[in-house]
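> File structure_22.cif follows (mmCIF, C-alpha atoms):
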```cif
data_coords
loop_
_atom_site.label_atom_id
_atom_site.label_comp_id
_atom_site.auth_asym_id
_atom_site.auth_seq_id
_atom_site.Cartn_x
_atom_site.Cartn_y
_atom_site.Cartn_z
CA MET A 1 3.96 23.01 31.08
CA ALA A 2 0.51 23.70 29.64
CA LYS A 3 -0.52 20.02 29.68
CA GLN A 4 0.63 17.25 31.99
CA LEU A 5 1.43 14.05 30.12
CA PHE A 6 1.71 10.39 31.24
CA LYS A 7 -0.68 10.71 34.20
CA GLU A 8 -1.32 6.98 34.01
CA PHE A 9 2.16 6.34 35.42
CA LYS A 10 2.80 6.42 39.15
CA TYR A 11 4.27 9.73 40.30
CA VAL A 12 7.93 9.58 41.36
CA SER A 13 9.35 12.65 43.10
CA SER A 14 12.80 14.10 42.52
CA LYS A 15 13.71 13.08 46.06
CA GLN A 16 12.92 9.43 45.26
CA TRP A 17 15.00 9.62 42.08
CA LYS A 18 17.96 11.02 43.98
CA GLN A 19 17.69 8.34 46.64
CA GLN A 20 17.77 5.63 43.97
CA ILE A 21 20.70 7.28 42.21
CA GLN A 22 22.57 7.62 45.49
CA TYR A 23 21.99 3.93 46.15
CA ASP A 24 23.31 3.00 42.68
CA LEU A 25 26.40 5.16 43.21
CA LYS A 26 27.36 2.87 46.10
CA GLY A 27 28.47 5.62 48.42
CA ALA A 28 29.94 8.06 45.89
CA ASP A 29 28.87 11.68 46.34
CA TYR A 30 25.96 12.62 44.06
CA ASN A 31 27.02 16.24 43.50
CA GLU A 32 30.69 15.50 42.93
CA THR A 33 30.03 12.52 40.65
CA LEU A 34 27.07 13.57 38.51
CA VAL A 35 26.65 17.37 38.70
CA TRP A 36 28.83 18.96 36.02
CA GLU A 37 29.87 22.62 36.02
CA SER A 38 30.47 24.46 32.75
CA PRO A 39 33.26 27.04 32.27
CA GLU A 40 30.62 29.74 32.91
CA GLY A 41 29.80 28.22 36.30
CA ILE A 42 26.48 26.74 35.16
CA LYS A 43 25.65 23.58 37.11
CA ILE A 44 24.25 20.77 34.97
CA LYS A 45 22.34 18.04 36.82
CA PRO A 46 21.86 14.47 35.61
CA PHE A 47 18.07 14.89 35.57
CA TYR A 48 15.41 17.58 35.97
CA HIS A 49 12.00 17.18 37.53
CA THR A 50 8.70 19.01 37.53
CA ASP A 51 8.69 19.44 41.32
CA GLU A 52 11.93 21.48 41.02
CA THR A 53 10.71 23.56 38.07
CA PRO A 54 6.98 24.05 38.71
CA GLU A 55 6.47 26.91 36.24
CA PRO A 56 8.22 27.89 33.02
CA LEU A 57 10.69 30.68 33.69
CA TYR A 58 10.14 32.40 30.40
CA SER A 59 7.34 32.15 27.89
CA SER A 60 7.84 34.12 24.70
CA THR A 61 5.05 36.32 23.40
CA LYS A 62 6.60 36.14 19.95
CA ASN A 63 4.04 34.77 17.52
CA GLU A 64 5.82 35.09 14.19
CA SER A 65 8.17 32.64 12.56
CA PHE A 66 11.83 33.50 12.15
CA LYS A 67 12.85 35.25 8.92
CA ILE A 68 15.57 33.88 6.65
CA CYS A 69 17.99 36.76 6.13
CA GLN A 70 20.42 37.05 3.21
CA ASN A 71 23.65 39.03 3.57
CA ILE A 72 24.68 41.16 0.61
CA PHE A 73 27.83 43.27 0.48
CA VAL A 74 27.14 46.35 -1.67
CA PHE A 75 29.99 47.34 -3.95
CA ASP A 76 28.41 47.37 -7.41
CA VAL A 77 24.81 48.54 -7.00
CA ASP A 78 23.52 46.87 -10.17
CA LYS A 79 24.99 43.52 -9.18
CA SER A 80 23.60 43.89 -5.66
CA VAL A 81 20.10 44.53 -7.03
CA ARG A 82 20.25 41.48 -9.29
CA ARG A 83 21.53 39.32 -6.46
CA SER A 84 18.85 40.62 -4.10
CA LEU A 85 16.05 39.76 -6.50
CA GLU A 86 17.52 36.29 -7.13
CA THR A 87 17.87 35.49 -3.43
CA LEU A 88 14.34 36.66 -2.67
CA GLN A 89 13.04 34.50 -5.50
CA ARG A 90 14.96 31.54 -4.07
CA GLY A 91 13.61 31.75 -0.55
CA ALA A 92 15.21 34.64 1.35
CA GLU A 93 12.68 36.62 3.38
CA SER A 94 14.79 39.62 4.41
CA LEU A 95 18.00 41.30 3.27
CA ARG A 96 20.99 42.66 5.15
CA PHE A 97 23.03 45.11 3.07
CA THR A 98 26.56 45.91 4.21
CA ILE A 99 27.50 49.36 2.88
CA GLU A 100 30.95 50.92 3.26
CA ASP A 101 30.61 53.98 1.00
CA PRO A 102 28.26 56.81 2.05
CA LYS A 103 28.06 57.80 -1.65
CA THR A 104 26.28 54.55 -2.51
CA ASP A 105 23.16 55.25 -4.58
CA VAL A 106 20.65 53.81 -2.13
CA VAL A 107 17.66 55.02 -4.20
CA LYS A 108 18.85 52.94 -7.13
CA LEU A 109 19.61 50.03 -4.83
CA LEU A 110 16.04 49.89 -3.51
CA GLU A 111 13.80 51.16 -6.28
CA ASN A 112 13.15 47.75 -7.85
CA LEU A 113 13.09 45.72 -4.63
CA PRO A 114 9.80 44.78 -2.91
CA VAL A 115 10.72 46.58 0.31
CA GLU A 116 7.05 46.91 1.25
CA LYS A 117 6.90 43.14 1.77
CA ILE A 118 10.23 42.36 3.43
CA GLU A 119 12.39 43.59 6.28
CA VAL A 120 15.66 45.22 5.21
CA TYR A 121 18.74 45.72 7.39
CA PHE A 122 21.43 48.26 6.51
CA LYS A 123 24.77 47.54 8.15
CA LEU A 124 26.60 50.83 7.73
CA GLN A 125 30.36 51.16 8.17
CA PHE A 126 30.03 54.92 8.60
CA LEU A 127 27.89 57.45 10.46
CA SER A 128 26.09 59.84 8.12
CA HIS A 129 22.89 61.72 8.86
CA ASP A 130 22.28 62.55 5.18
CA PHE A 131 22.54 58.92 4.13
CA ILE A 132 20.23 57.71 6.88
CA LYS A 133 17.79 60.52 6.07
CA GLN A 134 17.57 59.16 2.52
CA LEU A 135 16.64 55.76 3.92
CA ASN A 136 14.07 57.37 6.21
CA ASP A 137 12.42 59.14 3.26
CA ILE A 138 12.24 55.89 1.29
CA ALA A 139 10.83 53.99 4.27
CA GLN A 140 8.21 56.70 4.82
CA LYS A 141 7.21 56.88 1.17
CA ARG A 142 7.01 53.12 0.60
CA LYS A 143 5.85 52.11 4.10
CA ALA A 144 8.89 49.85 4.43
CA THR A 145 10.47 48.33 7.53
CA PHE A 146 14.14 49.37 7.64
CA TYR A 147 16.55 48.51 10.44
CA ILE A 148 19.69 50.65 10.52
CA LEU A 149 22.55 48.60 11.97
CA ILE A 150 24.87 51.34 13.08
CA ASP A 151 26.57 50.99 16.44
CA PRO A 152 29.22 53.55 17.50
CA ILE A 153 30.05 51.51 20.61
CA GLN A 154 30.72 48.45 18.47
CA GLN A 155 32.87 50.67 16.27
CA LEU A 156 34.88 51.59 19.37
CA THR A 157 35.22 47.99 20.57
CA LYS A 158 36.28 46.60 17.18
CA ASP A 159 38.33 49.49 15.77
CA GLY A 160 39.59 51.09 18.97
CA ASN A 161 38.22 54.50 17.97
CA TRP A 162 34.84 56.17 17.58
CA PHE A 163 33.59 57.20 14.15
CA THR A 164 34.51 60.76 15.20
CA ASP A 165 34.46 61.08 18.99
CA VAL A 166 32.01 60.12 21.71
CA LYS A 167 30.21 63.49 21.80
CA SER A 168 29.93 63.88 18.03
CA ASP A 169 28.74 60.30 17.53
CA PHE A 170 26.00 60.54 20.14
CA ASP A 171 24.99 64.06 19.07
CA LEU A 172 24.48 62.70 15.56
CA LEU A 173 22.46 59.76 16.88
CA THR A 174 20.28 62.21 18.81
CA GLU A 175 19.73 64.18 15.59
CA ILE A 176 18.83 60.98 13.72
CA LYS A 177 16.45 60.02 16.53
CA SER A 178 14.49 63.25 16.17
CA SER A 179 14.48 63.51 12.36
CA CYS A 180 14.30 59.89 11.11
CA THR A 181 11.17 58.60 12.81
CA SER A 182 10.31 56.04 10.11
CA LEU A 183 13.37 53.92 10.90
CA HIS A 184 14.52 51.56 13.61
CA PHE A 185 17.98 53.03 13.99
CA ILE A 186 19.44 51.65 17.23
CA SER A 187 21.31 48.37 17.08
CA ILE A 188 23.58 46.44 19.41
CA ASP A 189 26.20 44.32 17.65
CA GLY A 190 27.16 41.64 20.16
CA THR A 191 28.70 39.21 17.65
CA LEU A 192 32.22 40.45 18.41
CA TYR A 193 32.08 39.27 22.02
CA GLN A 194 31.34 35.68 21.03
CA ASN A 195 33.80 35.68 18.12
CA ALA A 196 36.54 37.05 20.39
CA GLY A 197 36.04 34.29 22.98
CA ALA A 198 33.77 35.75 25.67
CA ASN A 199 31.84 33.11 27.58
CA MET A 200 28.04 33.09 27.49
CA ILE A 201 27.54 34.93 30.78
CA GLN A 202 29.90 37.68 29.60
CA GLN A 203 28.10 37.90 26.26
CA ILE A 204 24.70 38.45 27.89
CA ALA A 205 26.08 40.95 30.43
CA TYR A 206 28.18 42.89 27.91
CA ILE A 207 25.36 43.14 25.36
CA SER A 208 23.02 44.34 28.12
CA ALA A 209 25.51 46.90 29.45
CA HIS A 210 26.22 47.94 25.84
CA ALA A 211 22.47 48.54 25.33
CA VAL A 212 22.12 50.54 28.55
CA GLU A 213 24.71 53.05 27.30
CA TYR A 214 22.26 53.93 24.53
CA PHE A 215 19.31 54.01 26.91
CA HIS A 216 21.18 56.52 29.12
CA ARG A 217 22.60 58.66 26.33
CA LEU A 218 19.46 58.75 24.15
CA PRO A 219 16.64 59.49 26.62
CA GLY A 220 13.14 58.81 25.38
CA LEU A 221 14.33 56.04 23.08
CA SER A 222 11.41 54.03 21.71
CA GLY A 223 10.58 51.50 19.02
CA THR A 224 12.63 48.42 18.24
CA VAL A 225 16.26 47.75 19.11
CA VAL A 226 18.04 45.23 16.88
CA VAL A 227 20.44 42.95 18.75
CA GLU A 228 22.94 41.04 16.60
CA VAL A 229 24.13 37.85 18.26
CA ALA A 230 26.55 35.08 17.28
CA VAL A 231 25.87 31.49 18.34
CA GLY A 232 28.35 28.66 18.80
CA SER A 233 28.09 24.89 18.80
CA HIS A 234 26.98 24.21 22.41
CA TYR A 235 23.45 23.41 21.29
CA PHE A 236 21.31 23.63 24.44
CA PHE A 237 23.45 26.31 26.07
CA GLU A 238 23.07 28.56 23.01
CA ILE A 239 19.29 28.13 23.16
CA ALA A 240 19.37 29.12 26.82
CA LYS A 241 21.74 32.02 26.09
CA LEU A 242 19.34 33.62 23.61
CA ARG A 243 16.37 33.15 25.93
CA ALA A 244 18.31 34.56 28.89
CA LEU A 245 19.51 37.50 26.79
CA ARG A 246 15.98 38.47 25.84
CA LEU A 247 14.82 38.01 29.43
CA VAL A 248 17.59 40.25 30.80
CA LEU A 249 17.17 42.93 28.13
CA GLU A 250 13.40 43.11 28.61
CA SER A 251 13.86 43.28 32.38
CA ILE A 252 16.35 46.15 32.10
CA ALA A 253 14.27 48.01 29.50
CA THR A 254 11.34 48.32 31.92
CA GLU A 255 13.44 50.82 33.86
CA PHE A 256 13.75 53.06 30.77
CA ASN A 257 10.77 52.39 28.51
CA PRO A 258 8.56 49.30 28.96
CA GLU A 259 7.41 49.68 25.34
CA LEU A 260 10.90 49.02 23.94
CA LYS A 261 11.05 45.86 21.83
CA PHE A 262 14.07 43.74 20.97
CA HIS A 263 14.59 42.18 17.58
CA ILE A 264 17.26 39.46 17.72
CA LEU A 265 19.20 38.81 14.51
CA THR A 266 21.42 35.75 14.88
CA THR A 267 24.40 34.49 12.90
CA PRO A 268 26.61 31.40 13.45
CA SER A 269 29.95 32.15 15.10
CA LYS A 270 33.21 32.25 13.18
CA ARG A 271 35.20 31.19 16.24
CA ASN A 272 34.76 27.45 15.72
CA LYS A 273 34.88 27.49 11.92
CA THR A 274 37.80 25.90 10.08
CA LEU A 275 39.80 26.38 6.93
CA TYR A 276 40.62 22.70 6.49
CA ASP A 277 37.87 20.12 6.14
CA TYR A 278 35.62 23.09 5.48
CA ASN A 279 32.54 21.03 4.64
CA VAL A 280 32.22 20.26 8.37
CA ASN A 281 31.37 23.96 8.74
CA MET A 282 27.98 23.13 7.19
CA LEU A 283 27.26 20.69 10.02
CA ARG A 284 28.30 23.28 12.59
CA THR A 285 26.16 26.04 11.11
CA THR A 286 23.15 23.73 10.84
CA THR A 287 23.03 23.01 14.58
CA GLU A 288 23.85 26.65 15.34
CA CYS A 289 20.92 27.81 13.21
CA MET A 290 18.73 25.30 15.04
CA SER A 291 19.82 26.82 18.37
CA ALA A 292 19.09 30.28 17.00
CA ILE A 293 15.58 29.31 15.92
CA ILE A 294 14.62 27.45 19.10
CA GLY A 295 16.18 30.27 21.13
CA GLN A 296 13.55 32.57 19.57
CA SER A 297 15.60 34.66 17.17
CA ASP A 298 13.49 36.96 15.03
CA ALA A 299 15.77 36.51 12.03
CA VAL A 300 18.63 34.15 11.21
CA SER A 301 21.41 34.87 8.75
CA ASN A 302 23.45 31.77 8.04
CA LEU A 303 27.23 31.80 7.56
CA PRO A 304 28.43 30.24 4.27
CA TYR A 305 30.71 27.23 4.76
CA ASP A 306 33.56 28.97 2.86
CA ALA A 307 33.21 32.45 4.38
CA LEU A 308 36.71 32.27 5.87
CA TYR A 309 38.60 32.00 2.60
CA HIS A 310 36.25 32.81 -0.31
CA LYS A 311 34.64 36.05 -1.38
CA GLU A 312 30.85 36.08 -1.54
CA ASN A 313 29.69 33.60 -4.16
CA GLU A 314 26.34 32.32 -5.37
CA PHE A 315 27.00 28.63 -4.68
CA ALA A 316 27.95 28.98 -1.00
CA ASP A 317 25.18 31.52 -0.38
CA ARG A 318 22.64 29.14 -1.91
CA ILE A 319 23.82 26.28 0.33
CA ALA A 320 23.64 28.51 3.42
CA ARG A 321 20.16 29.73 2.51
CA ASN A 322 18.96 26.20 1.72
CA GLN A 323 20.03 25.02 5.18
CA LEU A 324 17.53 27.48 6.66
CA LEU A 325 14.89 26.62 4.06
CA VAL A 326 15.15 22.93 4.98
CA LEU A 327 14.84 23.75 8.69
CA LYS A 328 11.83 25.93 8.06
CA HIS A 329 9.87 24.14 5.35
CA GLU A 330 10.95 20.51 5.68
CA SER A 331 11.83 20.19 9.36
CA TYR A 332 8.95 22.52 10.34
CA PHE A 333 10.95 24.65 12.75
CA ASP A 334 8.47 27.46 12.10
CA LYS A 335 5.40 25.56 13.32
CA VAL A 336 5.83 25.91 17.09
CA ASN A 337 6.15 29.38 18.56
CA ASN A 338 8.25 28.50 21.59
CA PRO A 339 9.29 24.83 21.62
CA ALA A 340 11.71 25.21 24.55
CA ASP A 341 8.95 26.21 27.01
CA GLY A 342 8.72 23.65 29.79
CA ALA A 343 11.98 21.89 28.92
CA TYR A 344 13.31 21.76 32.47
CA PHE A 345 17.00 21.55 31.51
CA ILE A 346 16.75 24.59 29.24
CA GLU A 347 14.56 26.46 31.75
CA ASN A 348 17.05 25.82 34.56
CA THR A 349 20.05 26.76 32.40
CA THR A 350 18.27 29.91 31.23
CA GLN A 351 17.59 30.92 34.82
CA GLN A 352 21.19 30.36 35.91
CA MET A 353 22.54 32.30 32.93
CA ALA A 354 20.17 35.20 33.47
CA GLU A 355 20.99 35.43 37.19
CA LYS A 356 24.77 35.27 36.68
CA ALA A 357 24.63 37.75 33.79
CA LEU A 358 22.61 40.20 35.89
CA VAL A 359 25.24 40.03 38.65
CA LEU A 360 27.99 40.84 36.14
CA PHE A 361 25.85 43.54 34.51
CA LYS A 362 25.28 45.22 37.88
CA GLU A 363 29.03 45.14 38.60
CA ILE A 364 29.68 46.94 35.31
CA GLU A 365 26.97 49.53 35.97
CA SER A 366 28.07 50.19 39.55
CA SER A 367 31.65 50.84 38.44
CA GLY A 368 30.91 53.42 35.76
CA GLY A 369 29.22 51.60 32.89
CA PHE A 370 30.29 49.73 29.80
CA ILE A 371 32.17 52.51 28.01
CA SER A 372 34.08 53.33 31.18
CA LYS A 373 35.14 49.68 31.54
CA LEU A 374 36.22 49.64 27.89
CA LEU A 375 38.38 52.72 28.44
CA GLU A 376 39.94 51.03 31.48
CA GLY A 377 40.61 47.89 29.44
CA THR A 378 38.68 45.68 31.89
CA ILE A 379 36.26 44.26 29.30
CA GLN A 380 39.11 43.43 26.92
CA LYS A 381 41.07 41.72 29.69
CA LYS A 382 38.13 39.57 30.81
CA ILE A 383 37.39 38.45 27.25
CA GLN A 384 41.07 37.60 26.71
CA GLU A 385 41.08 35.51 29.87
CA SER A 386 37.97 33.62 28.79
CA ALA A 387 39.34 33.14 25.26
CA ALA A 388 42.65 31.83 26.64
CA LYS A 389 40.83 29.19 28.71
CA GLU A 390 38.87 28.01 25.68
CA GLN A 391 42.02 28.04 23.54
CA GLU A 392 43.80 25.84 26.08
CA LEU A 393 40.93 23.35 25.99
CA PHE A 394 41.22 23.26 22.20
CA ASP A 395 45.01 22.98 22.19
CA THR A 396 44.89 20.06 24.63
CA GLY A 397 42.17 18.29 22.66
CA LYS A 398 39.49 18.67 25.33
CA GLU A 399 37.46 20.87 22.99
CA VAL A 400 37.21 19.14 19.64
CA LEU A 401 36.85 20.55 16.14
CA LEU A 402 36.46 17.49 13.96
CA GLY A 403 38.85 17.49 11.02
CA THR A 404 41.16 20.00 12.68
CA ASN A 405 42.45 18.88 16.08
CA LYS A 406 40.85 15.43 15.78
CA TYR A 407 40.90 13.18 12.70
CA PRO A 408 42.48 15.76 10.36
CA ASN A 409 42.87 14.88 6.69
CA LYS A 410 46.64 15.20 6.20
CA ASP A 411 46.24 15.26 2.41
CA ASP A 412 43.97 18.31 2.45
CA ARG A 413 45.51 21.34 0.68
CA MET A 414 44.16 24.90 0.93
CA SER A 415 46.91 27.36 -0.05
CA HIS A 416 45.78 27.37 -3.69
CA ASP A 417 42.17 28.24 -2.78
CA LEU A 418 42.56 31.33 -0.57
CA GLU A 419 40.76 34.40 -1.89
CA LEU A 420 40.64 36.01 1.56
CA PHE A 421 43.20 36.12 4.37
CA PRO A 422 41.66 33.80 7.01
CA PHE A 423 43.65 34.94 10.07
CA VAL A 424 43.80 37.92 12.43
CA LYS A 425 45.25 40.93 10.63
CA SER A 426 47.66 43.21 12.45
CA LYS A 427 47.30 46.93 11.78
CA PRO A 428 49.47 49.00 14.18
CA ARG A 429 47.99 52.46 14.73
CA LYS A 430 47.03 54.85 17.50
CA THR A 431 43.72 53.95 19.16
CA LEU A 432 41.68 55.28 22.05
CA ILE A 433 41.28 51.80 23.54
CA THR A 434 42.72 48.35 22.91
CA PRO A 435 40.36 46.82 20.32
CA ILE A 436 38.60 43.54 20.98
CA ILE A 437 39.97 41.11 18.40
CA ASP A 438 37.95 38.20 17.08
CA LYS A 439 40.06 35.10 16.64
CA ARG A 440 39.27 31.53 15.64
CA LEU A 441 40.36 28.57 17.72
CA ALA A 442 42.03 26.78 14.80
CA GLU A 443 44.22 29.63 13.54
CA LYS A 444 47.53 28.40 14.97
CA ILE A 445 47.12 24.86 13.62
CA GLU A 446 46.00 26.16 10.23
CA LYS A 447 48.96 28.52 9.87
CA GLU A 448 51.36 25.65 10.55
CA ARG A 449 49.61 23.45 8.01
CA LEU A 450 49.65 26.16 5.34
CA GLU A 451 53.38 26.72 5.88
CA ASN A 452 54.03 23.00 5.50
CA GLU A 453 52.18 22.97 2.16
CA LYS A 454 54.85 25.20 0.60
#
```
Give the structure from this file in structure tokens form.

Amino acid sequence: MAKQLFKEFKYVSSKQWKQQIQYDLKGADYNETLVWESPEGIKIKPFYHTDETPEPLYSSTKNESFKICQNIFVFDVDKSVRRSLETLQRGAESLRFTIEDPKTDVVKLLENLPVEKIEVYFKLQFLSHDFIKQLNDIAQKRKATFYILIDPIQQLTKDGNWFTDVKSDFDLLTEIKSSCTSLHFISIDGTLYQNAGANMIQQIAYISAHAVEYFHRLPGLSGTVVVEVAVGSHYFFEIAKLRALRLVLESIATEFNPELKFHILTTPSKRNKTLYDYNVNMLRTTTECMSAIIGQSDAVSNLPYDALYHKENEFADRIARNQLLVLKHESYFDKVNNPADGAYFIENTTQQMAEKALVLFKEIESSGGFISKLLEGTIQKKIQESAAKEQELFDTGKEVLLGTNKYPNKDDRMSHDLELFPFVKSKPRKTLITPIIDKRLAEKIEKERLENEK
């Protein structure tokens, strides 16, 4: 820590604390009684001491506050423009456009937006050089910061197929790399791993191995890589996860290009969100956004409380945005650059996560790399195993979602309010690999409750 506090008190070493604890345990084993191990194998001690953590493991050089990002799905361009201007006026600081149609008039979409003053993300559901070239020309002309969120490997993991095929997709990325120099065009979408049930060590290792595929296949890569991450409700662990992820990515990047920078865009997970008692989702997303901010995310995009069953709507978006505005401007989460520095519990957890993730990452690399393990089905199998363990904890009540598997409101009715299908959709088709499927913990219970409403 930068400054030692409470020097007027007599120094007590960790050894003295342990001796006193051992005495109070009356013969019970300290490690077996008080040291808890998480499902990821992280050991949590009952106390942490300066003589066991003499120096902070990781001190961020980030000196800018997190940006509040607003998601906008682009279907009607005029409506998207109006909504963008309204959200910026109401506190959003960056925009993330999701675009499915390569014929979308992106010039019209952006011409009246203050793109010189904000960061704009474009989450593209297609791979088109011409479309991205348009964005590059606009960014160059208006000196705008555009992040292109296009990830062929994520397309493979989620859909089971490439956009075209592995060679064509990476050839096109190479072409974009050489011709669209005003854009940040490489992104790693790691949200699927968390939403599908991967544990935190797997998430860090898989995102890192995912990134290395791009480093290998696009030599000379420079600039900023956007990393999309989902965070769950384990408050301190999620803080440590984000810190460990950045630490591991920056460590790996030194082997390819030490100048590479990582821009972490974080969103609350869908895995622990519920259809019934949906207002509790606001409590969940609030603590998850807090973890994202303290974990040093560059931008945070909140998840509306009704995202599972409602289409995008102004009310829910305003609530989600206001949660971040309260954290930033009323709770002052933007005033300290790195508040977790020197917190021994978080430092220790970060170190354990980083070390375990590096071991798993090296196993993946030594056996052919991330894409190879996807083709073998190993990644999918490991995530399924982790998800099954978490599902069992939920089903047996050891992992609690308030209002769903504990203290449910039996009078709650939702069948009349569903605008979206809130469960996993089955779409049988031929795929190159078995897709990784995101699935919420509460789906089985919710299906049974919906059936009983009829």
> Please compute the atom CA of A:Glu111-atom CA of A:His310 distance, one decimal, in Å.
29.6 Å
> Which protein, DNA or RNA residues are at most 12 Å from (45.2, 41.8, 12.3) in the file's coordinates when you count only C-alpha atoms, listed as a PDB file with C-alpha atoms, in the frame of the given file?

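Listing of part09.pdb after writing:
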```pdb
ATOM      1  CA  LYS A 158      36.280  46.600  17.180  1.00  0.00           C
ATOM      2  CA  ASP A 159      38.330  49.490  15.770  1.00  0.00           C
ATOM      3  CA  PHE A 421      43.200  36.120   4.370  1.00  0.00           C
ATOM      4  CA  PRO A 422      41.660  33.800   7.010  1.00  0.00           C
ATOM      5  CA  PHE A 423      43.650  34.940  10.070  1.00  0.00           C
ATOM      6  CA  VAL A 424      43.800  37.920  12.430  1.00  0.00           C
ATOM      7  CA  LYS A 425      45.250  40.930  10.630  1.00  0.00           C
ATOM      8  CA  SER A 426      47.660  43.210  12.450  1.00  0.00           C
ATOM      9  CA  LYS A 427      47.300  46.930  11.780  1.00  0.00           C
ATOM     10  CA  PRO A 428      49.470  49.000  14.180  1.00  0.00           C
ATOM     11  CA  ARG A 429      47.990  52.460  14.730  1.00  0.00           C
ATOM     12  CA  PRO A 435      40.360  46.820  20.320  1.00  0.00           C
ATOM     13  CA  ILE A 436      38.600  43.540  20.980  1.00  0.00           C
ATOM     14  CA  ILE A 437      39.970  41.110  18.400  1.00  0.00           C
ATOM     15  CA  ASP A 438      37.950  38.200  17.080  1.00  0.00           C
ATOM     16  CA  LYS A 439      40.060  35.100  16.640  1.00  0.00           C
TER      17      LYS A 439
END
```
> Can you pull out the residues contacting A:Ala198? Cut-off 8 Å, using all atoms listed in the file, and skip same-chain residues under 3 positions away; I want them as a CSV table (one decimal) with C-alpha atoms, in the coordinates of the input.

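What landed in out.csv:
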```csv
chain,number,residue,atom,x,y,z
A,193,TYR,CA,32.1,39.3,22.0
A,194,GLN,CA,31.3,35.7,21.0
A,195,ASN,CA,33.8,35.7,18.1
A,202,GLN,CA,29.9,37.7,29.6
A,203,GLN,CA,28.1,37.9,26.3
A,382,LYS,CA,38.1,39.6,30.8
A,383,ILE,CA,37.4,38.4,27.2
A,384,GLN,CA,41.1,37.6,26.7
A,386,SER,CA,38.0,33.6,28.8
A,387,ALA,CA,39.3,33.1,25.3
```
> Could you tell me which residues the PyMOL selection byres ((chain A and resi 293) around 10) returns for this structure, as a list of chain:residue names?
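So the PyMOL selection byres ((chain A and resi 293) around 10) ends up selecting A:Ser65, A:Phe66, A:Lys67, A:Ile239, A:Leu242, A:Thr266, A:Thr287, A:Glu288, A:Cys289, A:Met290, A:Ser291, A:Ala292, A:Ile294, A:Gly295, A:Gln296, A:Ser297, A:Asp298, A:Ala299, A:Val300, A:Leu324, A:Leu327, A:Lys328, A:Phe333, A:Asp334, A:Asn337, A:Asn338, A:Pro339.
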> Got a sec to resolve the PyMOL selection byres ((chain A and resi 443) around 9) on this structure and send the residues as a PyMOL selection string?
chain A and resi 274-275+422-424+439-442+444-448
> Convert the output of the PyMOL selection byres ((chain A and resi 245-252) around 10) on the shown file into explicit residues, formatted as a count of residues only.
45
> Identify which of the residues A:Phe345, A:Asn279, A:Asn112, A:Ser178 lies closest to A:Pro46, counting only C-alpha atoms when measuring atom-to-atom distances.
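Selected residue with least distance to A:Pro46: A:Phe345.
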> Please indicate the distance in Å from atom CA of A:Thr349 to atom CA of A:Asn31, rounded to one decimal place.
16.8 Å
> Rounded to one decimal place, report the atom CA of A:Ile346-atom CA of A:Phe236 distance in Å.
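Between these atoms lies a distance of 6.7 Å.
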> Go through A:Val77, A:Tyr214, A:Asp137, A:Arg142 one by one, measure the shortest atom-to-atom distance of each to A:Phe170 using all atoms listed in the file, and give the residue with the smallest value.
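Of A:Val77, A:Tyr214, A:Asp137, A:Arg142, the one nearest A:Phe170, counting all atoms listed in the file, is A:Tyr214.
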> Which residue out of A:Arg284, A:Arg217, A:Arg318, A:Lys406 has the minimum interatomic distance to A:Ala92 when only C-alpha atoms are used?
A:Arg318
> Give the padded box for stretch 204-220 of chain A as JSON: axis-aligned, covering all atoms listed in the file, 5 Å on each side, centre and edge lengths in Å to one decimal.

```
{"center_x": 20.7, "center_y": 49.0, "center_z": 27.3, "size_x": 25.0, "size_y": 31.0, "size_z": 16.3}
```
> Using all atoms listed in the file, determine which residues lie at most 10 Å from A:Val74, disregarding the query and same-chain residues fewer than 5 positions distant; provide the list as a ChimeraX atom specification.
/A:79-81,96-101,104,106,109
> Around (33.7, 24.4, 32.1) in the file's frame, which residues reach within 12 Å when counting only C-alpha atoms? Return as a count of residues only?
20
> When distances are computed from only C-alpha atoms, which of A:Val400, A:Asp189, A:Gln70, A:Leu325 shows the smallest separation from A:Pro304?
A:Gln70
